[in-house]
>>> print(open('run_31.txt').read())   # compact mmCIF, C-alpha atoms
# COMPACT_ATOMS: atom_id res chain seq x y z
CA MET A 1 77.91 115.20 117.93
CA ARG A 2 75.70 113.06 120.08
CA LEU A 3 72.60 111.11 119.20
CA ALA A 4 70.23 109.12 121.38
CA HIS A 5 69.29 105.54 120.53
CA ALA A 6 65.91 104.18 121.57
CA ASP A 7 67.63 101.84 124.01
CA GLY A 8 68.87 104.83 126.01
CA GLN A 9 72.47 104.76 124.82
CA THR A 10 74.21 107.94 123.76
CA VAL A 11 75.84 107.35 120.37
CA HIS A 12 78.89 109.54 119.80
CA LEU A 13 79.52 110.64 116.19
CA SER A 14 82.93 112.09 115.33
CA TYR A 15 85.35 112.59 112.48
CA CYS A 16 88.86 111.17 112.44
CA THR A 17 91.67 113.73 112.44
CA ASN A 18 94.20 111.43 110.74
CA VAL A 19 93.30 113.36 107.58
CA HIS A 20 95.42 116.20 108.99
CA PRO A 21 99.23 116.10 109.05
CA ALA A 22 100.19 117.71 112.37
CA GLU A 23 102.16 115.48 114.73
CA ASP A 24 103.28 117.86 117.47
CA LEU A 25 101.14 119.49 120.12
CA ASP A 26 101.34 122.99 118.64
CA GLY A 27 100.18 121.69 115.26
CA ILE A 28 97.41 119.59 116.75
CA VAL A 29 95.96 122.54 118.64
CA ALA A 30 96.23 124.76 115.56
CA GLN A 31 94.17 122.16 113.69
CA LEU A 32 91.45 122.45 116.32
CA ASP A 33 90.90 126.02 115.13
CA THR A 34 91.44 125.47 111.42
CA TYR A 35 89.17 122.46 111.16
CA GLY A 36 87.41 121.49 114.39
CA THR A 37 85.88 124.87 115.17
CA ALA A 38 85.04 125.53 111.51
CA ILE A 39 83.31 122.15 111.12
CA ARG A 40 81.34 122.58 114.35
CA ARG A 41 80.08 125.97 113.18
CA GLU A 42 79.24 124.63 109.73
CA LEU A 43 77.10 121.95 111.36
CA ASP A 44 75.64 124.39 113.92
CA ALA A 45 76.53 121.81 116.59
CA ASP A 46 76.88 122.65 120.26
CA VAL A 47 79.63 120.04 120.60
CA LEU A 48 81.63 118.32 117.86
CA GLY A 49 83.25 114.95 118.39
CA LEU A 50 86.81 114.32 117.20
CA GLY A 51 88.32 110.89 116.59
CA LEU A 52 91.70 112.27 117.52
CA TRP A 53 94.91 110.93 115.98
CA LEU A 54 98.06 111.46 118.01
CA ALA A 55 101.39 110.37 116.55
CA ALA A 56 103.58 108.35 118.90
CA PRO A 57 105.88 111.22 120.01
CA ALA A 58 102.91 113.42 120.91
CA ALA A 59 101.18 110.56 122.72
CA SER A 60 104.35 109.86 124.70
CA ALA A 61 104.74 113.51 125.71
CA LEU A 62 101.12 113.81 126.78
CA ALA A 63 101.18 110.53 128.70
CA ALA A 64 104.27 111.63 130.61
CA GLU A 65 102.96 115.07 131.61
CA PRO A 66 99.55 115.43 133.34
CA PRO A 67 99.64 119.24 132.93
CA LEU A 68 99.86 118.81 129.15
CA ARG A 69 96.82 116.54 129.19
CA ARG A 70 94.87 119.03 131.29
CA ARG A 71 95.82 121.82 128.93
CA LEU A 72 94.74 119.84 125.86
CA ARG A 73 91.43 119.04 127.55
CA ARG A 74 90.89 122.76 128.21
CA GLU A 75 91.72 123.60 124.59
CA LEU A 76 89.11 121.09 123.42
CA ASP A 77 86.47 122.28 125.88
CA ALA A 78 87.05 125.91 124.96
CA ARG A 79 86.22 125.16 121.33
CA GLY A 80 83.18 122.99 121.95
CA LEU A 81 85.08 119.82 120.95
CA GLU A 82 85.08 116.47 122.70
CA VAL A 83 87.00 113.20 122.35
CA VAL A 84 85.76 109.72 123.24
CA THR A 85 87.83 107.83 120.68
CA LEU A 86 91.39 107.87 119.37
CA ASN A 87 92.75 106.40 116.17
CA GLY A 88 95.82 104.41 117.17
CA PHE A 89 96.39 102.60 113.87
CA PRO A 90 99.06 104.86 112.27
CA TYR A 91 102.08 105.17 114.54
CA GLN A 92 103.39 108.35 112.92
CA SER A 93 103.94 110.10 109.55
CA PHE A 94 100.51 109.10 108.23
CA GLN A 95 100.32 112.01 105.81
CA ALA A 96 103.89 111.58 104.55
CA GLU A 97 104.51 111.61 100.81
CA VAL A 98 104.71 107.79 100.82
CA VAL A 99 103.10 105.64 103.52
CA LYS A 100 102.05 102.32 101.92
CA HIS A 101 103.17 99.35 104.11
CA ALA A 102 104.82 101.61 106.71
CA VAL A 103 101.42 102.13 108.35
CA TYR A 104 101.59 98.55 109.67
CA HIS A 105 104.79 99.17 111.65
CA PRO A 106 105.49 98.76 114.47
CA ASP A 107 103.04 95.88 114.74
CA TRP A 108 101.59 93.93 117.67
CA THR A 109 104.68 91.76 118.07
CA THR A 110 106.65 94.77 119.33
CA PRO A 111 106.90 96.62 122.64
CA GLU A 112 106.71 99.92 120.72
CA ARG A 113 103.14 99.22 119.61
CA LEU A 114 102.12 98.25 123.16
CA ARG A 115 103.72 101.36 124.67
CA TYR A 116 102.11 103.65 122.10
CA THR A 117 98.65 102.21 122.69
CA LEU A 118 98.92 102.39 126.47
CA ASP A 119 100.16 105.99 126.14
CA LEU A 120 97.04 106.73 124.13
CA ALA A 121 94.88 105.12 126.80
CA VAL A 122 96.46 107.29 129.51
CA VAL A 123 95.79 110.40 127.41
CA LEU A 124 92.23 109.42 126.55
CA ALA A 125 91.32 108.71 130.17
CA ASP A 126 91.96 112.41 130.88
CA LEU A 127 90.33 113.73 127.70
CA LEU A 128 87.04 111.85 128.11
CA PRO A 129 84.01 114.01 128.88
CA ASP A 130 82.92 113.58 132.47
CA ASP A 131 79.69 111.86 131.43
CA ALA A 132 81.23 109.50 128.84
CA VAL A 133 80.67 105.83 129.60
CA ARG A 134 83.98 104.73 128.10
CA GLY A 135 86.73 105.55 125.64
CA SER A 136 87.91 103.60 122.61
CA ILE A 137 91.09 103.24 120.59
CA SER A 138 91.26 101.63 117.15
CA THR A 139 94.40 99.80 116.07
CA LEU A 140 95.80 97.55 113.37
CA PRO A 141 94.74 93.87 113.16
CA LEU A 142 98.03 92.54 114.55
CA ALA A 143 100.23 93.01 111.46
CA TRP A 144 100.55 92.81 107.71
CA ARG A 145 100.12 89.18 106.66
CA GLU A 146 103.77 88.70 105.69
CA PRO A 147 105.91 87.70 107.48
CA TRP A 148 103.66 85.86 109.93
CA ASP A 149 104.19 82.50 111.62
CA THR A 150 103.38 80.67 114.83
CA GLU A 151 106.24 82.33 116.69
CA ARG A 152 105.05 85.83 115.81
CA ALA A 153 101.48 84.84 116.61
CA GLY A 154 102.56 83.64 120.05
CA THR A 155 104.45 86.86 120.69
CA ALA A 156 101.42 88.93 119.67
CA GLY A 157 99.20 86.91 121.97
CA ARG A 158 101.45 87.68 124.95
CA VAL A 159 101.58 91.37 124.03
CA LEU A 160 97.77 91.52 123.89
CA GLU A 161 97.60 90.02 127.37
CA GLU A 162 99.90 92.82 128.54
CA LEU A 163 97.64 95.30 126.79
CA ALA A 164 94.53 94.06 128.60
CA ASP A 165 96.38 94.16 131.92
CA GLY A 166 97.60 97.69 131.18
CA LEU A 167 94.12 98.94 130.34
CA ALA A 168 92.77 97.40 133.55
CA ALA A 169 95.51 99.14 135.52
CA ILE A 170 94.68 102.51 133.92
CA ALA A 171 91.02 102.02 134.80
CA GLY A 172 92.00 101.20 138.36
CA ARG A 173 94.03 104.42 138.66
CA THR A 174 91.65 106.76 136.87
CA GLY A 175 88.20 105.22 137.16
CA ARG A 176 87.84 105.54 133.35
CA THR A 177 87.35 102.56 131.03
CA VAL A 178 89.31 102.62 127.76
CA GLN A 179 88.89 99.72 125.31
CA VAL A 180 90.91 98.82 122.22
CA GLY A 181 89.33 97.67 118.94
CA PHE A 182 91.39 95.74 116.39
CA GLU A 183 90.44 96.74 112.86
CA PRO A 184 90.30 93.98 110.20
CA GLU A 185 91.84 95.31 106.99
CA PRO A 186 92.57 93.86 103.54
CA GLY A 187 96.00 92.27 103.32
CA CYS A 188 96.56 92.00 107.06
CA VAL A 189 96.78 88.97 109.34
CA VAL A 190 93.09 89.54 110.03
CA GLU A 191 91.17 90.69 106.96
CA THR A 192 87.70 89.26 107.60
CA THR A 193 85.35 88.74 110.51
CA GLU A 194 85.73 84.98 110.00
CA GLN A 195 89.46 85.34 110.70
CA ALA A 196 88.72 87.66 113.62
CA ALA A 197 86.33 85.16 115.18
CA ARG A 198 88.82 82.33 114.74
CA LEU A 199 91.92 84.12 116.00
CA TRP A 200 90.50 86.46 118.63
CA SER A 201 87.70 84.50 120.25
CA GLY A 202 89.78 84.12 123.42
CA MET A 203 90.56 87.83 123.83
CA ASP A 204 89.56 89.60 127.02
CA GLY A 205 86.26 91.17 125.92
CA ASP A 206 86.23 93.54 128.87
CA TRP A 207 89.10 95.48 127.30
CA LEU A 208 89.62 94.23 123.75
CA GLY A 209 87.36 93.76 120.74
CA VAL A 210 86.86 94.78 117.11
CA CYS A 211 86.83 98.10 115.33
CA LEU A 212 84.47 97.55 112.40
CA ASP A 213 85.45 99.68 109.40
CA LEU A 214 82.54 99.57 106.96
CA ALA A 215 84.72 100.10 103.86
CA HIS A 216 86.96 97.20 104.90
CA LEU A 217 83.90 95.04 105.54
CA ALA A 218 82.63 95.80 102.05
CA CYS A 219 86.04 95.15 100.43
CA ALA A 220 85.97 91.69 102.00
CA TRP A 221 82.58 91.15 100.31
CA GLU A 222 81.03 90.32 103.67
CA GLU A 223 77.35 90.52 104.50
CA PRO A 224 76.96 92.82 107.52
CA ALA A 225 74.33 90.71 109.33
CA ALA A 226 76.40 87.55 109.04
CA ALA A 227 79.57 89.38 110.04
CA LEU A 228 77.99 90.86 113.19
CA SER A 229 76.48 87.50 114.15
CA ARG A 230 79.87 85.86 113.71
CA LEU A 231 81.55 88.39 116.00
CA ALA A 232 78.81 88.03 118.61
CA ARG A 233 79.11 84.22 118.65
CA ALA A 234 82.86 84.59 119.18
CA GLY A 235 82.28 86.92 122.13
CA LEU A 236 83.94 89.84 120.35
CA PRO A 237 82.37 93.23 121.13
CA VAL A 238 82.28 95.95 118.49
CA ILE A 239 84.32 98.60 120.26
CA LYS A 240 84.05 101.21 117.50
CA VAL A 241 82.49 101.63 114.05
CA GLN A 242 84.31 103.54 111.32
CA VAL A 243 81.83 104.91 108.80
CA SER A 244 83.68 104.80 105.51
CA ALA A 245 82.90 103.97 101.89
CA ALA A 246 85.19 102.17 99.44
CA LEU A 247 85.61 102.77 95.71
CA THR A 248 83.83 100.34 93.37
CA ALA A 249 84.03 99.41 89.70
CA ASP A 250 81.34 97.12 88.32
CA ASP A 251 83.35 96.72 85.11
CA PRO A 252 87.01 97.51 85.83
CA VAL A 253 87.94 97.01 82.17
CA ALA A 254 85.59 99.76 81.05
CA ALA A 255 86.57 101.90 84.03
CA GLN A 256 90.33 101.44 83.92
CA ALA A 257 91.10 104.93 82.61
CA VAL A 258 89.16 106.53 85.47
CA LEU A 259 90.60 104.05 87.99
CA ARG A 260 94.11 105.15 87.01
CA GLY A 261 93.26 108.53 88.48
CA TYR A 262 92.95 106.91 91.91
CA ASP A 263 96.29 105.10 91.73
CA GLU A 264 98.47 107.35 93.86
CA PRO A 265 101.77 106.96 95.76
CA ARG A 266 100.81 107.67 99.38
CA PHE A 267 98.44 104.92 100.54
CA LEU A 268 97.86 101.26 99.76
CA HIS A 269 94.60 100.63 97.92
CA GLN A 270 94.03 96.91 98.24
CA THR A 271 91.68 95.63 95.57
CA ARG A 272 89.31 92.68 95.88
CA GLY A 273 87.15 91.11 93.17
CA SER A 274 83.75 89.53 93.70
CA ARG A 275 85.08 86.10 92.68
CA GLY A 276 88.23 86.13 94.74
CA GLU A 277 90.73 88.13 92.69
CA ALA A 278 93.05 90.16 94.91
CA ALA A 279 95.88 92.67 94.65
CA ASP A 280 97.68 94.61 97.34
CA ASP A 281 97.44 97.94 95.51
CA LEU A 282 95.30 99.46 92.80
CA GLY A 283 98.17 99.89 90.36
CA GLU A 284 99.01 96.20 90.70
CA ALA A 285 95.37 95.30 90.12
CA LEU A 286 95.21 97.38 86.96
CA ASP A 287 98.43 95.90 85.62
CA ARG A 288 97.86 92.27 86.61
CA LEU A 289 94.19 91.51 87.16
CA LEU A 290 92.44 93.03 84.19
CA PRO A 291 91.06 90.11 82.18
CA ARG A 292 92.39 88.78 78.96
CA PRO A 293 90.17 88.75 75.85
CA ARG A 294 87.03 86.65 76.20
CA ARG A 295 87.32 86.55 79.99
CA THR A 296 84.40 88.14 81.84
CA PRO A 297 85.52 90.90 84.24
CA GLN A 298 84.47 90.72 87.87
CA PRO A 299 83.41 93.75 89.91
CA TRP A 300 86.07 95.31 92.11
CA ARG A 301 85.97 96.94 95.51
CA VAL A 302 89.01 99.08 96.23
CA HIS A 303 90.28 100.07 99.67
CA TYR A 304 90.15 103.74 98.86
CA HIS A 305 88.03 105.72 101.28
CA VAL A 306 85.88 108.11 99.26
CA PRO A 307 83.73 110.95 100.65
CA LEU A 308 80.43 109.62 101.95
CA HIS A 309 78.26 112.33 100.47
CA ALA A 310 79.80 112.57 96.98
CA GLU A 311 79.78 109.76 94.44
CA PRO A 312 83.05 109.17 92.56
CA ALA A 313 83.26 110.10 88.89
CA ALA A 314 81.33 107.78 86.55
CA PRO A 315 81.56 104.93 85.77
CA LEU A 316 82.86 104.31 89.30
CA GLY A 317 80.75 104.04 92.42
CA SER A 318 81.10 103.47 96.14
CA THR A 319 80.04 100.93 98.74
CA LEU A 320 77.43 103.33 100.09
CA PRO A 321 74.61 100.73 99.66
CA GLU A 322 76.61 98.26 101.76
CA LEU A 323 77.31 100.99 104.31
CA ARG A 324 73.59 101.66 104.70
CA VAL A 325 72.88 97.95 105.21
CA ALA A 326 75.59 97.78 107.88
CA LEU A 327 74.29 100.87 109.70
CA LYS A 328 70.79 99.39 109.70
CA GLU A 329 72.10 96.16 111.23
CA LEU A 330 74.04 98.08 113.85
CA PHE A 331 71.58 100.80 114.77
CA GLY A 332 68.18 99.98 113.26
CA GLY A 333 67.18 97.42 115.89
CA PRO A 334 66.08 97.69 119.51
CA THR A 335 69.68 97.84 120.77
CA ALA A 336 72.57 99.89 119.40
CA GLY A 337 75.41 97.68 118.20
CA CYS A 338 78.00 100.26 119.25
CA ASP A 339 78.10 103.75 120.76
CA HIS A 340 81.24 105.13 119.06
CA VAL A 341 80.89 106.06 115.38
CA ASP A 342 83.80 107.74 113.60
CA VAL A 343 83.79 109.05 110.03
CA GLU A 344 87.21 108.16 108.65
CA THR A 345 88.01 109.53 105.20
CA TYR A 346 91.75 110.07 105.40
CA THR A 347 92.22 110.29 101.62
CA TRP A 348 90.87 113.79 100.96
CA ASN A 349 94.33 115.09 100.10
CA VAL A 350 95.06 112.39 97.49
CA LEU A 351 91.72 112.38 95.67
CA PRO A 352 91.84 113.02 91.92
CA PRO A 353 92.42 116.77 91.38
CA ALA A 354 88.84 117.54 90.35
CA GLN A 355 87.57 116.21 93.71
CA ARG A 356 90.43 117.29 95.96
CA PRO A 357 90.04 120.28 98.31
CA VAL A 358 92.71 122.92 97.79
CA THR A 359 92.12 125.12 100.84
CA PRO A 360 91.56 124.35 104.53
CA ALA A 361 88.09 125.87 104.25
CA GLN A 362 87.19 123.48 101.43
CA LEU A 363 88.44 120.50 103.43
CA ALA A 364 86.49 121.60 106.49
CA ALA A 365 83.35 121.98 104.38
CA GLY A 366 83.81 118.51 102.91
CA ILE A 367 84.26 116.89 106.32
CA ALA A 368 81.22 118.76 107.62
CA ALA A 369 79.18 117.44 104.70
CA GLU A 370 80.29 113.89 105.49
CA LEU A 371 79.35 114.28 109.14
CA ALA A 372 75.97 115.71 108.20
CA PHE A 373 75.44 112.76 105.87
CA ALA A 374 76.32 110.23 108.60
CA ARG A 375 74.17 112.06 111.15
CA ASP A 376 71.18 112.07 108.81
CA GLU A 377 71.60 108.36 108.04
CA LEU A 378 71.54 107.57 111.76
CA ILE A 379 68.54 109.81 112.35
CA ALA A 380 66.72 108.03 109.52
CA LEU A 381 67.26 104.79 111.46
CA GLY A 382 65.47 106.23 114.47
CA LEU A 383 68.22 107.88 116.48
CA ALA A 384 67.35 111.26 117.92
CA PRO A 385 69.65 114.24 117.41
CA GLY A 386 71.20 116.00 120.33
CA GLY A 387 71.86 113.34 122.94
CA PRO A 388 72.85 114.57 126.41
CA THR A 389 76.05 116.60 126.53
CA ALA A 390 78.32 117.53 129.36
CA PRO A 391 77.79 121.25 130.06
CA LEU A 392 80.27 123.74 128.67
CA GLY A 393 80.29 127.25 130.12
CA MET A 394 79.96 130.15 127.72
CA MET A 395 83.29 131.54 128.87
CA GLU A 396 84.88 128.20 128.01
CA LEU A 397 83.54 128.45 124.49
CA GLN A 398 84.75 132.01 124.04
CA GLU A 399 88.14 132.17 125.74
CA VAL A 400 90.40 130.37 123.27
CA ARG A 401 93.95 131.14 124.25
CA PRO A 402 97.09 130.30 122.28
CA TRP A 403 98.53 126.88 122.95
CA THR A 404 101.42 126.90 125.42
CA PRO A 405 103.00 123.53 126.38
>>> encode(input="run_31.txt", output="structure tokens")
Amino acid sequence: MRLAHADGQTVHLSYCTNVHPAEDLDGIVAQLDTYGTAIRRELDADVLGLGLWLAAPAASALAAEPPLRRRLRRELDARGLEVVTLNGFPYQSFQAEVVKHAVYHPDWTTPERLRYTLDLAVVLADLLPDDAVRGSISTLPLAWREPWDTERAGTAGRVLEELADGLAAIAGRTGRTVQVGFEPEPGCVVETTEQAARLWSGMDGDWLGVCLDLAHLACAWEEPAAALSRLARAGLPVIKVQVSAALTADDPVAAQAVLRGYDEPRFLHQTRGSRGEAADDLGEALDRLLPRPRRTPQPWRVHYHVPLHAEPAAPLGSTLPELRVALKELFGGPTAGCDHVDVETYTWNVLPPAQRPVTPAQLAAGIAAELAFARDELIALGLAPGGPTAPLGMMELQEVRPWTP
């Protein structure tokens, strides 16, 4: 979906497809029908934006074969779907039974991470709508914090220079600008905007910047206005905004029985307390951080993306108030702070059973409700619905043929 900001920018709103498991081209195209088309119709949108996730093998195949990229572009166009942003954080197997720390590998000290990201940039340059100003790719904030030392930091710095050069070369060949946003995340080398400003202030801002995930920002207990000012002073552009809400517990002692329902084996759920307590997973937090007798509990924010439009079961909550403050800082002023907005709730399939969709239609309806929520929040800040869209012929929207590589 597209919205128009008062400054004239088109703001692209999408949902991230890393909630779906397919990793090959046949599966990805099948998901366009199962979810993309269904969500677009639910929202009565002329065009629906996807924050497409491509696992490394699929990205490599597409990057190597221009006819495959053209075919994927036609499949998107035929369904009224468009892509201006890719999620390049998970390398592969993101919906495996157990992911945990594996999502941080390979990291930005490796040639595999560089090759994957440049493959994505090649693909995105051909998927971008003709009238899109640029494309964006989100990625991990260098690496998990351990092991990390000056040698690994130096290696990562050299790899990022190669990344900027590679993106410039792709732009020179294609005429399309693709930028990469590094996404601060709890437990990683870069968790906060203060760390981002300190470590990345020398990055090439023409090609590289920050992907600001609003759940991660809240888990770091950061104030959005201060965080955005800090990034601006460091010369770090916000390449992409991920609209997400984290789980909260004002009194984790009283809420521990309900919190146990969110402790699951697939993803890490880093937990941060308001006075500095920290654990790398929710189960660890419940076992280690709950206070002893006579010790006052501190509120927790848990890196568990919860649906934007549906509050968790009481007595838990979400960082929705913090999300609204961040959106106001980004979009409520005279200039839009970013033009790529992606709803990223990848945890639908591990929610507690009472909240978990059990059919594809239920998942599609839930994602549509999240997108409607995000759209309405942006409209309430003054954005106008229905920004300009590249024309799609009626035959394109109707002739959906089976995927053939």
>>> atom_distance(input="run_31.txt", atom1="CA of Glu183 (chain A)", atom2="CA of Glu82 (chain A)")
22.7 Å
>>> atom_distance(input="run_31.txt", atom1="CA of Asp204 (chain A)", atom2="CA of Ala164 (chain A)")
6.9 Å
>>> atom_distance(input="run_31.txt", atom1="CA of Trp300 (chain A)", atom2="CA of Ala102 (chain A)")
24.6 Å
>>> residues_around(input="run_31.txt", residues="Val210 (chain A)", least_positions_apart="2", cutoff="12 Å", atoms="all atoms listed in the file", output="PyMOL selection string")
chain A and resi 136-142+179-185+190-193+195-197+199-201+203-208+212-213+217+227-228+230-232+234-242+337-338+340
>>> residues_around(input="run_31.txt", residues="Pro252 (chain A)", least_positions_apart="2", cutoff="7 Å", atoms="only C-alpha atoms", output="ChimeraX atom specification")
/A:249-250,254-256,297,299-300
>>> residues_around(input="run_31.txt", residues="Asp280 (chain A)", least_positions_apart="3", cutoff="10 Å", atoms="all atoms listed in the file", output="ChimeraX atom specification")
/A:100-101,186-187,268-272,283-285,302-303
>>> closest_residue(input="run_31.txt", among="A:Cys188, A:Leu371, A:Val178, A:Ala61", to="Thr345 (chain A)", atoms="all atoms listed in the file")
A:Leu371
>>> closest_residue(input="run_31.txt", among="A:Asp131, A:Glu194, A:Asp44, A:Glu370", to="Val84 (chain A)", atoms="all atoms listed in the file")
A:Asp131
>>> residues_around(input="run_31.txt", residues="region 19-24 of chain A", least_positions_apart="5", cutoff="10 Å", atoms="only C-alpha atoms", output="ChimeraX atom specification")
/A:29-31,35,53-59,61,92-96,344-349,363,367
>>> residues_around(input="run_31.txt", residues="Thr319 (chain A)", least_positions_apart="6", cutoff="9 Å", atoms="only C-alpha atoms", output="list in words")
Leu214, Ala215, Ala218, Cys219, Ser244, Ala245, Ala246, Leu247, Thr248 and Arg301 of chain A
>>> closest_residue(input="run_31.txt", among="A:Pro147, A:Arg152, A:His309, A:Ser60", to="Arg115 (chain A)", atoms="only C-alpha atoms")
A:Ser60
>>> closest_residue(input="run_31.txt", among="A:Glu222, A:Val123, A:His5, A:Val98", to="Ala380 (chain A)", atoms="only C-alpha atoms")
A:His5
>>> closest_residue(input="run_31.txt", among="A:Arg70, A:Leu43, A:Ala354, A:Ile28", to="Asp376 (chain A)", atoms="only C-alpha atoms")
A:Leu43
>>> residues_near_point(input="run_31.txt", point="(101.5, 96.4, 111.2)", cutoff="7 Å", atoms="only C-alpha atoms", output="MDAnalysis selection string")
chainID A and resid 103:108 140 142:144
>>> decode(input="run_31.txt", residues="region 293-310 of chain A", atoms="N, CA and C atoms", output="compact mmCIF listing (two decimals), in the first residue's frame")
# COMPACT_ATOMS: atom_id res chain seq x y z
N PRO A 293 12.41 -12.61 47.53
CA PRO A 293 11.48 -11.93 48.44
C PRO A 293 12.01 -10.57 48.87
N ARG A 294 11.11 -9.63 48.98
CA ARG A 294 11.37 -8.27 49.42
C ARG A 294 12.12 -7.43 48.39
N ARG A 295 12.35 -7.96 47.21
CA ARG A 295 12.97 -7.18 46.14
C ARG A 295 11.89 -6.74 45.16
N THR A 296 11.84 -5.44 44.86
CA THR A 296 10.79 -4.90 44.00
C THR A 296 11.04 -5.32 42.56
N PRO A 297 10.05 -5.91 41.89
CA PRO A 297 10.25 -6.29 40.49
C PRO A 297 10.33 -5.07 39.59
N GLN A 298 11.03 -5.20 38.47
CA GLN A 298 11.08 -4.12 37.49
C GLN A 298 10.35 -4.55 36.23
N PRO A 299 9.69 -3.62 35.57
CA PRO A 299 8.97 -3.98 34.34
C PRO A 299 9.91 -4.57 33.30
N TRP A 300 9.36 -5.50 32.52
CA TRP A 300 10.12 -6.14 31.45
C TRP A 300 9.55 -5.76 30.09
N ARG A 301 10.45 -5.68 29.12
CA ARG A 301 10.07 -5.66 27.71
C ARG A 301 10.77 -6.85 27.06
N VAL A 302 10.00 -7.62 26.32
CA VAL A 302 10.48 -8.90 25.78
C VAL A 302 10.47 -8.84 24.26
N HIS A 303 11.59 -9.22 23.66
CA HIS A 303 11.70 -9.24 22.21
C HIS A 303 10.87 -10.40 21.65
N TYR A 304 9.60 -10.17 21.68
CA TYR A 304 8.63 -11.12 21.15
C TYR A 304 7.62 -10.28 20.38
N HIS A 305 7.69 -10.32 19.06
CA HIS A 305 6.82 -9.48 18.25
C HIS A 305 5.38 -10.00 18.37
N VAL A 306 4.50 -9.15 18.86
CA VAL A 306 3.10 -9.52 19.03
C VAL A 306 2.25 -8.75 18.03
N PRO A 307 1.10 -9.30 17.62
CA PRO A 307 0.27 -8.61 16.63
C PRO A 307 -0.06 -7.19 17.05
N LEU A 308 0.03 -6.28 16.10
CA LEU A 308 -0.16 -4.86 16.41
C LEU A 308 -1.56 -4.55 16.90
N HIS A 309 -2.54 -5.23 16.35
CA HIS A 309 -3.93 -4.85 16.56
C HIS A 309 -4.59 -5.60 17.72
N ALA A 310 -3.87 -6.55 18.33
CA ALA A 310 -4.48 -7.40 19.36
C ALA A 310 -3.59 -7.44 20.60
